[in-house]
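Engineer: So that we are looking at the same thing, I have put the structure below in structure tokens.
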Amino acid sequence: MDQLNSAFDEKLGLEITKATAEEVRGQAPIAGNTQPAGRWHGGASAAMIETLGSIGASEWAGDGKVALGTELSVSHLKGARGDYVQGVANAQHLGSTSAVYTVELTDSEDRLIAIGRLTCRIISA
């Protein structure tokens with residue numbers, strides 16, 4: 001899974017724990033990913049949702065192809081509590097030129113904090 005990590009993922013502290021075309025799981029620390037008020041940043045949620053979905057789409061695309069995010073939607077539901085935010089991306093559509101994922105983010109108390117959807121275009125590398 002190291003080949004799927006980017007410099008941005010490292011800045012976020014995102015750790016991928018499972019990566020298949022059908023499901024991707026990961027987590028990131030709340031510390032270091034906060035807004036000035038000290039709360040989990042909504043941009044961190046968006047970045048996590050896009051990254052988890054993109055990893056799944058990249059797994060689906062396979063060798064010689066790349067998956068590029070073309071549409072991202074995020075609903076922020078509540079602030080995160082605890083130390084980490086966990087994410088699970090599930091494939092909703094795996095086609096020859098596109099892939100769509102829904103992603104749920106939960107906090108350390110297993111509360112749903114955000115839901116997102118990512119569409120990726122699959123093209124030749």
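Letters A, B, ... mark the chains of the structure tokens in the order given; residue numbers begin at 1 per chain; ligand numbers begin at 1, in order shown.
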So which residues touch Gly62 (chain A) within 12 Å, counting only C-alpha atoms, skipping near sequence neighbours fewer than 3 positions away, as number ranges by chain?

Structural biologist: A: 20-21, 55-59, 65-67, 96-97, 122-125

Engineer: Taking only region 5-122 of chain A into account, list the residues labelled strand (DSSP E or B) by DSSP (computed from the backbone), as an NGL selection string.

Structural biologist: :A and (15-19 or 23-29 or 34 or 40 or 65-76 or 84-94 or 98-107 or 112-122)

Engineer: A:Gln86, A:Ser45, A:Ser54, A:Ser108: which is nearest Thr17 (chain A), counting only C-alpha atoms?

Structural biologist: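 Ranking A:Gln86, A:Ser45, A:Ser54, A:Ser108 by distance to Thr17 (chain A), first place goes to A:Gln86.
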
Engineer: Which residues come within 7 Å of region 69-84 of chain A, counting only C-alpha atoms, excluding same-chain residues fewer than 2 positions away, as a ChimeraX atom specification?

Structural biologist: /A:27-30,40,46,50,54,67,86,107-109,113-121

Engineer: I need the residues in region 9-117 of chain A that are alpha helix (DSSP H) according to DSSP; give them as a list in words.

Structural biologist: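 For region 9-117 of chain A, the alpha helix (DSSP H) set is Asp9, Glu10, Lys11, Leu12, Gly42, Gly43, Ala44, Ser45, Ala46, Ala47, Met48, Ile49, Glu50, Thr51, Leu52, Gly53, Ser54, Ile55, Gly56, Ala57, Ser58, Glu59, Trp60 and Ala61 of chain A.
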